[in-house]
>>> print(open('query_23.txt').read())   # compact mmCIF, C-alpha atoms
# COMPACT_ATOMS: atom_id res chain seq x y z
CA MET A 22 0.00 0.00 0.00
CA TYR A 23 1.02 3.60 -0.53
CA SER A 24 1.13 5.53 2.70
CA PHE A 25 -1.80 7.64 3.86
CA ASP A 26 -3.20 9.13 7.01
CA ILE A 27 -6.32 7.61 8.48
CA GLN A 28 -9.03 9.54 10.28
CA ARG A 29 -11.94 8.12 12.22
CA PRO A 30 -14.62 10.77 12.72
CA SER A 31 -17.58 10.02 14.95
CA THR A 32 -20.19 12.12 13.14
CA VAL A 33 -21.31 12.50 9.52
CA ALA A 34 -20.53 16.22 9.68
CA ASP A 35 -16.94 15.58 10.74
CA ALA A 36 -16.55 12.94 8.03
CA VAL A 37 -17.80 15.34 5.35
CA ALA A 38 -15.36 17.98 6.60
CA ALA A 39 -12.48 15.50 6.53
CA LEU A 40 -13.41 14.43 2.99
CA ALA A 41 -13.14 18.01 1.76
CA THR A 42 -9.35 17.53 1.73
CA ASP A 43 -7.79 16.89 -1.66
CA GLU A 44 -7.27 13.19 -2.35
CA ALA A 45 -9.28 12.13 0.69
CA GLN A 46 -11.35 8.99 0.26
CA PRO A 47 -14.05 7.44 2.45
CA LEU A 48 -13.54 3.93 3.85
CA GLY A 49 -16.64 1.88 4.58
CA GLY A 50 -16.08 -1.69 5.75
CA GLY A 51 -13.00 -1.89 3.57
CA GLN A 52 -13.70 -5.34 2.19
CA THR A 53 -13.18 -4.09 -1.36
CA LEU A 54 -11.17 -0.92 -0.79
CA ILE A 55 -8.44 -2.44 1.38
CA PRO A 56 -7.59 -5.14 -1.20
CA THR A 57 -7.66 -2.36 -3.81
CA LEU A 58 -5.21 -0.30 -1.77
CA LYS A 59 -2.95 -3.31 -1.37
CA GLN A 60 -2.78 -3.59 -5.15
CA ARG A 61 -1.87 0.11 -5.30
CA LEU A 62 -4.89 0.77 -7.49
CA ALA A 63 -5.84 3.74 -5.29
CA ALA A 64 -3.65 6.36 -3.69
CA PRO A 65 -5.60 8.51 -1.25
CA SER A 66 -3.66 10.96 0.92
CA VAL A 67 -6.24 10.61 3.67
CA LEU A 68 -8.56 7.72 4.32
CA VAL A 69 -11.67 8.71 6.25
CA SER A 70 -13.00 5.64 8.05
CA LEU A 71 -16.77 5.74 8.49
CA SER A 72 -16.78 2.81 10.90
CA GLY A 73 -16.94 4.98 14.02
CA ILE A 74 -20.08 6.88 13.05
CA ALA A 75 -22.87 5.53 15.25
CA GLU A 76 -25.59 7.59 13.53
CA MET A 77 -24.94 5.67 10.28
CA LYS A 78 -25.56 2.25 11.80
CA GLY A 79 -28.72 0.31 12.42
CA ILE A 80 -32.11 -0.50 10.95
CA CYS A 81 -35.47 1.12 11.61
CA THR A 82 -38.91 1.36 10.07
CA GLY A 83 -39.89 4.69 8.53
CA ASP A 84 -43.26 6.43 8.89
CA ASP A 85 -44.30 5.11 5.46
CA GLY A 86 -43.40 1.53 6.42
CA SER A 87 -40.15 1.48 4.48
CA LEU A 88 -37.08 -0.17 5.93
CA CYS A 89 -34.38 2.41 6.68
CA ILE A 90 -30.85 1.01 6.86
CA GLY A 91 -27.93 3.16 7.95
CA GLY A 92 -25.15 3.36 5.36
CA GLY A 93 -22.63 1.97 7.85
CA THR A 94 -24.72 -1.08 8.70
CA THR A 95 -22.90 -4.36 8.09
CA HIS A 96 -24.22 -7.17 5.92
CA ALA A 97 -24.38 -9.37 9.04
CA THR A 98 -26.64 -6.89 10.79
CA VAL A 99 -28.94 -6.61 7.77
CA ALA A 100 -29.09 -10.41 7.53
CA ALA A 101 -30.01 -10.67 11.21
CA GLU A 102 -32.32 -7.67 11.62
CA ALA A 103 -34.03 -6.96 8.30
CA GLY A 104 -36.59 -9.71 8.79
CA ALA A 105 -39.35 -7.36 7.67
CA TYR A 106 -37.89 -7.66 4.17
CA LEU A 107 -36.98 -11.32 3.74
CA GLY A 108 -35.51 -11.06 0.24
CA LEU A 109 -33.14 -8.34 1.40
CA ALA A 110 -32.11 -10.13 4.61
CA SER A 111 -31.43 -13.29 2.64
CA LEU A 112 -29.35 -11.41 0.07
CA ALA A 113 -27.24 -9.81 2.82
CA GLY A 114 -26.69 -13.18 4.47
CA ASN A 115 -25.14 -14.61 1.31
CA ILE A 116 -22.64 -11.87 0.49
CA GLY A 117 -19.03 -13.04 0.78
CA ASP A 118 -18.35 -15.06 3.91
CA PRO A 119 -19.15 -14.50 7.61
CA ALA A 120 -16.03 -12.46 8.36
CA VAL A 121 -16.61 -10.26 5.33
CA ARG A 122 -20.25 -9.76 6.34
CA ASN A 123 -19.11 -8.57 9.77
CA ARG A 124 -17.18 -5.68 8.19
CA GLY A 125 -18.70 -4.89 4.79
CA THR A 126 -21.44 -2.27 4.72
CA ILE A 127 -24.45 -1.53 2.55
CA GLY A 128 -23.29 2.04 1.97
CA GLY A 129 -19.86 0.87 0.91
CA SER A 130 -21.30 -1.66 -1.52
CA LEU A 131 -23.66 0.86 -3.11
CA ALA A 132 -20.97 3.55 -3.33
CA ASN A 133 -18.59 1.13 -5.04
CA ASN A 134 -21.28 -0.25 -7.40
CA ASP A 135 -19.29 -3.29 -8.42
CA PRO A 136 -21.01 -4.76 -11.52
CA SER A 137 -21.18 -8.14 -9.75
CA ALA A 138 -22.21 -6.94 -6.29
CA CYS A 139 -25.51 -8.05 -4.75
CA TYR A 140 -26.83 -4.91 -3.05
CA PRO A 141 -27.26 -2.83 -6.24
CA ALA A 142 -29.81 -5.40 -7.46
CA ALA A 143 -31.82 -5.08 -4.25
CA ALA A 144 -31.73 -1.30 -4.27
CA LEU A 145 -32.77 -1.04 -7.92
CA ALA A 146 -35.47 -3.72 -7.74
CA SER A 147 -36.92 -2.09 -4.63
CA GLY A 148 -36.92 1.41 -6.04
CA ALA A 149 -34.92 2.31 -2.95
CA THR A 150 -33.92 5.83 -2.02
CA ILE A 151 -30.21 6.40 -1.47
CA VAL A 152 -29.86 9.08 1.20
CA THR A 153 -26.57 10.96 1.39
CA ASN A 154 -25.23 13.69 3.63
CA SER A 155 -26.66 16.26 1.22
CA ARG A 156 -29.64 14.80 -0.70
CA GLU A 157 -31.89 11.88 -1.57
CA ILE A 158 -31.33 9.97 -4.81
CA ALA A 159 -33.79 7.54 -6.40
CA ALA A 160 -32.18 4.18 -7.23
CA ASP A 161 -33.24 4.64 -10.87
CA ASP A 162 -31.01 7.74 -11.03
CA TYR A 163 -28.26 6.49 -8.76
CA PHE A 164 -26.62 3.65 -10.71
CA GLN A 165 -24.73 5.02 -13.71
CA GLY A 166 -22.71 2.09 -15.03
CA MET A 167 -19.86 -0.09 -13.89
CA PHE A 168 -18.39 1.38 -10.69
CA ALA A 169 -20.18 4.67 -11.48
CA THR A 170 -22.87 6.32 -9.35
CA ALA A 171 -24.54 9.67 -8.93
CA LEU A 172 -22.40 10.35 -5.85
CA GLU A 173 -20.25 13.48 -5.96
CA GLU A 174 -16.73 13.59 -4.56
CA GLY A 175 -16.85 13.39 -0.79
CA GLU A 176 -20.56 12.50 -0.70
CA ILE A 177 -21.45 9.72 1.75
CA VAL A 178 -24.34 7.23 1.66
CA THR A 179 -25.80 7.74 5.13
CA GLU A 180 -28.99 5.70 4.74
CA VAL A 181 -30.87 3.53 2.28
CA ARG A 182 -34.68 3.40 2.37
CA PHE A 183 -36.33 0.28 0.98
CA PRO A 184 -40.07 0.14 0.32
CA VAL A 185 -41.01 -3.34 1.57
CA PRO A 186 -42.58 -5.48 -1.20
CA GLU A 187 -45.37 -8.02 -0.85
CA LYS A 188 -43.05 -10.73 -2.11
CA SER A 189 -39.40 -10.82 -3.06
CA ALA A 190 -36.42 -13.05 -3.67
CA TYR A 191 -32.84 -12.76 -4.83
CA MET A 192 -31.25 -15.58 -6.79
CA LYS A 193 -27.51 -15.56 -7.27
CA PHE A 194 -25.60 -17.83 -9.60
CA GLU A 195 -22.21 -17.71 -7.95
CA GLN A 196 -18.98 -17.44 -9.82
CA PRO A 197 -17.39 -20.46 -8.17
CA ALA A 198 -14.02 -18.90 -7.34
CA SER A 199 -14.92 -15.40 -6.16
CA ARG A 200 -18.47 -16.20 -5.03
CA PHE A 201 -19.55 -12.89 -6.53
CA ALA A 202 -22.65 -13.04 -8.70
CA LEU A 203 -21.97 -14.41 -12.15
CA VAL A 204 -25.60 -13.38 -12.55
CA GLY A 205 -27.91 -12.30 -9.76
CA VAL A 206 -31.57 -11.38 -10.14
CA PHE A 207 -33.71 -9.60 -7.56
CA VAL A 208 -37.48 -9.75 -8.06
CA ALA A 209 -39.76 -7.56 -5.94
CA LYS A 210 -43.56 -7.60 -6.21
CA TYR A 211 -45.29 -4.42 -5.06
CA ALA A 212 -48.98 -3.55 -5.11
CA ASP A 213 -48.37 -1.32 -8.13
CA GLY A 214 -46.19 -3.70 -10.10
CA VAL A 215 -43.15 -5.93 -10.21
CA ARG A 216 -39.56 -4.76 -10.48
CA VAL A 217 -36.72 -6.97 -11.69
CA ALA A 218 -33.07 -5.97 -11.36
CA VAL A 219 -30.08 -7.90 -12.70
CA THR A 220 -26.51 -7.73 -11.45
CA GLY A 221 -23.33 -9.45 -12.62
CA ALA A 222 -24.41 -9.67 -16.24
CA SER A 223 -24.15 -6.36 -18.04
CA GLU A 224 -21.13 -4.29 -18.94
CA GLU A 225 -23.26 -1.33 -17.88
CA GLY A 226 -23.66 -2.69 -14.36
CA VAL A 227 -26.97 -3.37 -12.65
CA PHE A 228 -30.07 -2.93 -14.85
CA ARG A 229 -33.84 -3.43 -14.84
CA TRP A 230 -35.32 -6.05 -17.13
CA SER A 231 -38.41 -4.18 -18.22
CA GLU A 232 -39.98 -6.92 -20.40
CA ALA A 233 -39.93 -9.30 -17.44
CA GLU A 234 -41.35 -6.59 -15.19
CA ALA A 235 -44.29 -6.07 -17.55
CA ALA A 236 -44.97 -9.79 -17.88
CA LEU A 237 -44.74 -10.44 -14.16
CA SER A 238 -46.86 -7.43 -13.27
CA SER A 239 -49.82 -8.97 -15.12
CA ASN A 240 -49.06 -12.57 -14.09
CA PHE A 241 -46.63 -13.20 -11.23
CA SER A 242 -45.51 -16.69 -12.18
CA ALA A 243 -42.51 -18.29 -13.84
CA ASP A 244 -44.78 -19.22 -16.77
CA ALA A 245 -45.18 -15.53 -17.57
CA LEU A 246 -41.48 -15.44 -18.47
CA GLU A 247 -41.73 -18.17 -21.14
CA GLY A 248 -40.35 -16.89 -24.42
CA LEU A 249 -38.73 -13.83 -22.89
CA SER A 250 -34.98 -13.41 -23.17
CA VAL A 251 -32.35 -10.74 -22.98
CA SER A 252 -29.72 -10.23 -25.64
CA GLY A 253 -26.12 -11.31 -25.08
CA ASP A 254 -24.94 -8.03 -26.61
CA GLY A 255 -23.35 -5.83 -23.99
CA MET A 256 -23.16 -8.67 -21.49
CA ILE A 257 -19.91 -9.33 -19.63
CA SER A 258 -17.90 -12.02 -21.36
CA ASP A 259 -14.94 -13.59 -19.57
CA LEU A 260 -13.39 -16.98 -18.84
CA HIS A 261 -16.21 -17.74 -16.41
CA GLY A 262 -18.97 -17.32 -18.94
CA SER A 263 -19.75 -15.78 -22.32
CA GLY A 264 -22.19 -12.96 -22.80
CA ALA A 265 -24.71 -15.36 -24.31
CA TYR A 266 -24.37 -17.65 -21.28
CA ARG A 267 -24.95 -14.78 -18.88
CA ALA A 268 -27.96 -13.65 -20.91
CA HIS A 269 -29.39 -17.15 -20.65
CA LEU A 270 -28.78 -17.18 -16.91
CA VAL A 271 -30.73 -13.94 -16.52
CA GLY A 272 -33.86 -15.76 -17.66
CA VAL A 273 -33.16 -18.82 -15.53
CA MET A 274 -32.42 -16.87 -12.35
CA THR A 275 -35.44 -14.63 -12.84
CA LYS A 276 -37.72 -17.67 -13.02
CA ARG A 277 -36.10 -19.15 -9.93
CA ALA A 278 -36.53 -15.87 -8.07
CA VAL A 279 -40.23 -15.73 -8.95
CA VAL A 280 -40.72 -19.29 -7.73
CA ALA A 281 -38.80 -18.57 -4.51
CA ALA A 282 -40.47 -15.21 -3.80
CA ARG A 283 -42.21 -14.97 -0.45
CA MET B 1188 1.42 8.05 13.16
CA THR B 1189 -1.72 7.43 15.14
CA LYS B 1190 -1.88 6.26 18.72
CA VAL B 1191 -4.17 3.27 19.22
CA THR B 1192 -5.32 1.62 22.40
CA MET B 1193 -7.23 -1.61 22.45
CA THR B 1194 -7.84 -4.63 24.62
CA VAL B 1195 -6.19 -7.75 23.23
CA ASN B 1196 -7.00 -11.06 24.91
CA GLY B 1197 -8.11 -9.16 27.99
CA LYS B 1198 -5.03 -6.95 28.32
CA SER B 1199 -4.95 -3.26 27.47
CA VAL B 1200 -2.31 -2.51 24.85
CA SER B 1201 -1.37 0.60 22.94
CA GLY B 1202 0.99 1.55 20.19
CA GLU B 1203 1.80 4.00 17.42
CA VAL B 1204 0.62 2.88 13.99
CA LYS B 1205 0.79 4.26 10.47
CA GLY B 1206 -2.45 4.87 8.63
CA ASN B 1207 -1.91 1.81 6.46
CA THR B 1208 -0.95 -0.56 9.28
CA LEU B 1209 -3.25 -3.56 9.11
CA LEU B 1210 -4.62 -5.05 12.30
CA SER B 1211 -2.84 -8.31 11.41
CA ASP B 1212 0.48 -6.43 11.18
CA PHE B 1213 -0.11 -4.66 14.47
CA LEU B 1214 -0.86 -7.96 16.20
CA ARG B 1215 2.07 -9.79 14.67
CA GLU B 1216 4.79 -7.15 14.40
CA ASP B 1217 4.05 -4.81 17.29
CA LEU B 1218 2.50 -7.17 19.82
CA ARG B 1219 4.45 -10.24 18.60
CA LEU B 1220 1.24 -12.29 18.65
CA THR B 1221 2.31 -14.37 15.69
CA GLY B 1222 -0.39 -16.98 16.14
CA THR B 1223 -2.55 -14.91 13.82
CA HIS B 1224 -1.37 -16.02 10.40
CA VAL B 1225 -1.39 -14.12 7.14
CA GLY B 1226 -1.94 -16.59 4.34
CA CYS B 1227 -3.10 -14.74 1.28
CA ASP B 1228 -3.22 -11.08 2.31
CA THR B 1229 -6.09 -10.71 -0.17
CA SER B 1230 -9.03 -11.38 2.19
CA GLN B 1231 -9.72 -14.83 0.89
CA CYS B 1232 -8.04 -17.48 3.03
CA GLY B 1233 -9.20 -16.62 6.56
CA ALA B 1234 -5.97 -17.65 8.32
CA CYS B 1235 -5.93 -14.17 9.90
CA VAL B 1236 -9.42 -14.32 11.43
CA VAL B 1237 -9.60 -12.71 14.88
CA HIS B 1238 -12.51 -11.46 16.95
CA VAL B 1239 -13.19 -7.73 17.11
CA ASN B 1240 -15.84 -6.86 19.67
CA GLY B 1241 -16.86 -10.50 19.58
CA GLU B 1242 -17.24 -10.79 15.81
CA ALA B 1243 -15.02 -12.76 13.44
CA VAL B 1244 -13.15 -10.46 11.06
CA LYS B 1245 -10.21 -10.85 8.71
CA SER B 1246 -7.46 -8.91 10.44
CA CYS B 1247 -5.61 -8.44 7.15
CA THR B 1248 -8.60 -6.49 5.88
CA MET B 1249 -9.02 -3.99 8.66
CA PHE B 1250 -6.69 -1.20 9.70
CA ALA B 1251 -5.22 -1.17 13.20
CA ALA B 1252 -6.50 2.38 13.63
CA GLU B 1253 -10.05 1.10 13.11
CA ALA B 1254 -9.65 -1.22 16.09
CA ASP B 1255 -8.90 1.68 18.43
CA GLY B 1256 -10.98 1.14 21.54
CA ALA B 1257 -12.03 -2.36 20.49
CA GLU B 1258 -11.90 -5.70 22.30
CA VAL B 1259 -9.73 -7.97 20.16
CA GLY B 1260 -9.42 -11.72 20.65
CA THR B 1261 -6.71 -13.80 18.98
CA ILE B 1262 -5.74 -17.47 19.00
CA GLU B 1263 -3.35 -16.74 21.88
CA GLY B 1264 -6.35 -15.93 24.05
CA GLN B 1265 -8.23 -19.13 23.31
CA SER B 1266 -6.55 -21.52 25.72
CA ASN B 1267 -7.97 -22.16 29.17
CA GLU B 1268 -6.63 -20.11 32.07
CA ASP B 1269 -4.26 -22.89 33.11
CA GLY B 1270 -2.78 -22.91 29.62
CA SER B 1271 -4.45 -26.15 28.53
CA LEU B 1272 -6.22 -26.35 25.18
CA ASN B 1273 -9.81 -25.15 25.17
CA VAL B 1274 -12.59 -27.41 24.00
CA ILE B 1275 -12.31 -26.38 20.34
CA GLN B 1276 -8.53 -26.65 20.26
CA GLN B 1277 -8.66 -30.03 22.00
CA ALA B 1278 -11.24 -31.26 19.51
CA PHE B 1279 -8.98 -30.20 16.62
CA GLN B 1280 -6.23 -32.29 18.18
CA ASP B 1281 -8.46 -35.26 18.94
CA HIS B 1282 -9.91 -35.36 15.43
CA HIS B 1283 -6.71 -34.45 13.62
CA GLY B 1284 -8.32 -31.26 12.36
CA LEU B 1285 -5.03 -29.94 11.10
CA GLN B 1286 -2.30 -31.10 8.81
CA CYS B 1287 0.28 -28.36 8.22
CA GLY B 1288 -1.58 -26.18 10.73
CA PHE B 1289 -1.20 -22.88 8.90
CA CYS B 1290 -4.95 -22.27 8.57
CA THR B 1291 -5.70 -23.58 12.07
CA PRO B 1292 -5.70 -20.28 14.02
CA GLY B 1293 -8.30 -18.88 11.62
CA MET B 1294 -10.29 -22.11 11.66
CA VAL B 1295 -10.39 -22.13 15.46
CA MET B 1296 -11.36 -18.45 15.66
CA SER B 1297 -14.11 -18.92 13.07
CA ALA B 1298 -15.33 -22.03 14.87
CA ALA B 1299 -15.46 -20.11 18.16
CA ALA B 1300 -17.48 -17.33 16.52
CA LEU B 1301 -19.87 -19.87 15.00
CA LEU B 1302 -20.42 -21.77 18.25
CA LYS B 1303 -21.06 -18.54 20.16
CA ASP B 1304 -24.06 -17.79 17.91
CA ASN B 1305 -25.03 -21.34 17.07
CA PRO B 1306 -24.03 -23.81 19.83
CA LYS B 1307 -25.23 -26.92 17.95
CA PRO B 1308 -24.58 -26.31 14.27
CA SER B 1309 -25.35 -28.93 11.65
CA GLU B 1310 -22.63 -30.19 9.38
CA ALA B 1311 -24.02 -28.04 6.58
CA GLU B 1312 -24.04 -24.97 8.81
CA ILE B 1313 -20.41 -25.57 9.77
CA ARG B 1314 -19.35 -25.91 6.15
CA ASP B 1315 -21.29 -22.79 5.21
CA TYR B 1316 -19.74 -20.79 8.05
CA LEU B 1317 -16.23 -21.87 7.04
CA GLU B 1318 -16.70 -20.59 3.48
CA GLY B 1319 -14.09 -17.91 4.11
CA ASN B 1320 -11.51 -20.21 5.68
CA ILE B 1321 -9.35 -22.09 3.24
CA CYS B 1322 -7.26 -25.16 4.15
CA ARG B 1323 -4.80 -25.89 1.35
CA CYS B 1324 -4.09 -29.31 2.82
CA THR B 1325 -7.82 -29.77 2.08
CA GLY B 1326 -8.38 -31.33 5.50
CA TYR B 1327 -11.91 -30.09 5.74
CA HIS B 1328 -13.61 -33.30 6.85
CA ASN B 1329 -11.63 -33.51 10.09
CA ILE B 1330 -12.09 -29.80 10.75
CA VAL B 1331 -15.85 -30.24 10.44
CA LYS B 1332 -15.69 -33.30 12.70
CA ALA B 1333 -13.68 -31.36 15.29
CA ILE B 1334 -16.26 -28.58 15.38
CA MET B 1335 -19.09 -31.10 15.67
CA ALA B 1336 -17.25 -32.68 18.60
CA ALA B 1337 -16.45 -29.32 20.20
CA SER B 1338 -20.17 -28.52 20.17
CA GLY B 1339 -20.87 -31.73 22.11
CA GLN B 1340 -22.48 -33.53 19.19
CA ASP B 1341 -21.86 -36.98 17.83
CA VAL B 1342 -19.32 -37.00 15.08
CA PRO B 1343 -20.87 -38.70 12.09
CA ALA B 1344 -19.15 -39.94 9.01
CA VAL B 1345 -19.26 -36.75 7.04
CA ALA B 1346 -20.60 -36.38 3.56
CA ALA B 1347 -18.32 -37.09 0.61
CA GLU B 1348 -15.85 -38.95 2.82
>>> encode(input="query_23.txt", output="structure tokens")
Amino acid sequence: MYSFDIQRPSTVADAVAALATDEAQPLGGGQTLIPTLKQRLAAPSVLVSLSGIAEMKGICTGDDGSLCIGGGTTHATVAAEAGAYLGLASLAGNIGDPAVRNRGTIGGSLANNDPSACYPAAALASGATIVTNSREIAADDYFQGMFATALEEGEIVTEVRFPVPEKSAYMKFEQPASRFALVGVFVAKYADGVRVAVTGASEEGVFRWSEAEAALSSNFSADALEGLSVSGDGMISDLHGSGAYRAHLVGVMTKRAVVAAR
Amino acid sequence: MTKVTMTVNGKSVSGEVKGNTLLSDFLREDLRLTGTHVGCDTSQCGACVVHVNGEAVKSCTMFAAEADGAEVGTIEGQSNEDGSLNVIQQAFQDHHGLQCGFCTPGMVMSAAALLKDNPKPSEAEIRDYLEGNICRCTGYHNIVKAIMAASGQDVPAVAAE
């Protein structure tokens, strides 16, 4: 690693102030960023650890019934305490391994927006609101391609608000070495329609499969997806699977998610 | 340099660390607690698992400065007060749950974290919990048996044996 100073503010305000420094970078749980630093792929002058900010941790229910999760909440906490939203709790409980889940945070995952990460699929399929230190961003506007988000420099994800669906499920086809999603599909059925978000597949990062959403909104069953497919164009193609294979998996995992939804 | 103070295996310790000092480096180089092993240094192998505030974490993927004020537990703190092996360690010995032994500190620390939350795990639950702990001798069956035994359960012939 290159050398850097580390700061550990205890409030969001202090963290924002610390991030105003040139070349300062926020550190969530560090489960992606620390390996990145070890490879010298990032060279911050100051690393601002968000792990000491109590106001960014924990889960509560909002006035409108939505599930509000602090940006610094670990995957393990979401898995254990987000029982009001089973699909989300289950997703969190299958990220990485137990030790990773004890450090990695929802805010860190969403800020990084890895094209194979799980949380972006949940946020997009839920029509979640990403709350930062300065504004609220709709999930549909937040994800802007591989590792790209609407976040400005120094902006921190302080909370994520999930409308709780009637039924939901996340199905992940794991890349067998990394255990990241080779393809992951999150299906969420709300009173006003179904949303389907796909991670791991596209070169543009997480996306909504609108044809499946329309079909499932009129008939929430795996049969409704018969004959629907996504194109392999623009899908990630690597030694683990071709674009066409990933495109095929999108259909398979969507059906499985519909069957598993509860 | 940043001053850090934490409790390690029940004793208060402090030291000066650089921003990029990993918790694993602080434990091994500053405190000379070399029982915590660094296998891959890329967050995958789990040999460096320690407990921070009671939770299993990979100490190679956390900065020492982030553990300021924390309660840290390492393999050196696992033995009984008289220095004898604790129930998990003894079970690893009884069931030959180690070959070269490099992964063992992480395996024991992960097992301890599992049994704290789930005192009677099934074989499948043990294997699932150890997803982040790699044994390159591939001695998984005996590790699983040791954890079954440590939790006071019968040790069955495990699947795929």
>>> atom_distance(input="query_23.txt", atom1="atom CA of A:Ala105", atom2="atom CA of B:Lys1307")
26.2 Å
>>> residues_around(input="query_23.txt", residues="B:Gly1222", least_positions_apart="6", cutoff="9 Å", atoms="all atoms listed in the file", output="VMD selection string")
chain B and resid 1215 1235 1261 to 1263 1292
>>> residues_around(input="query_23.txt", residues="B:Asn1207", least_positions_apart="5", cutoff="8 Å", atoms="all atoms listed in the file", output="list in words")
Met22, Tyr23, Ser24, Phe25, Asp26 and Ile27 of chain A; Phe1250 of chain B
>>> write_last_selection(input="query_23.txt", atoms="C-alpha atoms", output="PDB file, keeping the file's coordinate frame")
ATOM      1  CA  MET A  22       0.000   0.000   0.000  1.00  0.00           C
ATOM      2  CA  TYR A  23       1.020   3.600  -0.530  1.00  0.00           C
ATOM      3  CA  SER A  24       1.130   5.530   2.700  1.00  0.00           C
ATOM      4  CA  PHE A  25      -1.800   7.640   3.860  1.00  0.00           C
ATOM      5  CA  ASP A  26      -3.200   9.130   7.010  1.00  0.00           C
ATOM      6  CA  ILE A  27      -6.320   7.610   8.480  1.00  0.00           C
TER       7      ILE A  27
ATOM      8  CA  PHE B1250      -6.690  -1.200   9.700  1.00  0.00           C
TER       9      PHE B1250
END
>>> residues_around(input="query_23.txt", residues="A:Ile151", least_positions_apart="4", cutoff="8 Å", atoms="only C-alpha atoms", output="list in words")
Glu157, Ile158, Ala159, Ala160, Tyr163, Val178, Glu180, Val181 and Arg182 of chain A
>>> interface_residues(input="query_23.txt", of="chain A", to="chain B", cutoff="9 Å", atoms="all atoms listed in the file", output="list in words")
Met22, Tyr23, Ser24, Phe25, Asp26, Ile27, Gln28, Arg29, Gly50, Gly51, Gln52, Thr53, Ile55, Pro56, Lys59, Val67, Leu68, Ser70, Ser72, Gly73, Gly117, Asp118, Pro119, Ala120, Val121, Arg122, Asn123, Arg124 and Ser199 of chain A
>>> residues_around(input="query_23.txt", residues="A:Leu270", least_positions_apart="3", cutoff="9 Å", atoms="all atoms listed in the file", output="PyMOL selection string")
chain A and resi 194+203-205+222+265-267+273-275
>>> residues_around(input="query_23.txt", residues="A:Glu232", least_positions_apart="4", cutoff="10 Å", atoms="all atoms listed in the file", output="PyMOL selection string")
chain A and resi 217+236-238+246+249-251
>>> atom_distance(input="query_23.txt", atom1="atom CA of A:Gly125", atom2="atom CA of A:Thr220")
18.2 Å
>>> atom_distance(input="query_23.txt", atom1="atom CA of A:Pro141", atom2="atom CA of A:Ala97")
16.9 Å
>>> closest_residue(input="query_23.txt", among="A:Leu54, A:Gly83, A:Gly92, A:Ser137", to="A:Glu195", atoms="only C-alpha atoms")
A:Ser137
>>> closest_residue(input="query_23.txt", among="B:Gly1241, B:Ala1257, B:Thr1221, B:Thr1325", to="B:Ser1201", atoms="all atoms listed in the file")
B:Ala1257
>>> residues_near_point(input="query_23.txt", point="(-22.8, -2.0, 7.1)", cutoff="10 Å", atoms="all atoms listed in the file", output="list in words")
Gly49, Gly50, Leu71, Ser72, Met77, Lys78, Gly79, Ile90, Gly91, Gly92, Gly93, Thr94, Thr95, His96, Ala97, Thr98, Val99, Ala113, Arg122, Asn123, Arg124, Gly125, Thr126, Ile127, Gly128, Gly129 and Ser130 of chain A
>>> closest_residue(input="query_23.txt", among="A:Leu260, A:Ala233, A:Ala63, A:Ala209", to="A:Leu145", atoms="all atoms listed in the file")
A:Ala209
>>> closest_residue(input="query_23.txt", among="A:Thr179, A:Ser231, A:Ser239, A:Ser258", to="A:Ala132", atoms="all atoms listed in the file")
A:Thr179
>>> axis_aligned_box(input="query_23.txt", around="stretch 1190-1194 of chain B", padding_each_side="6 Å", output="AutoDock Vina command-line options")
--center_x -4.9 --center_y 0.8 --center_z 21.7 --size_x 18.0 --size_y 22.9 --size_z 17.9
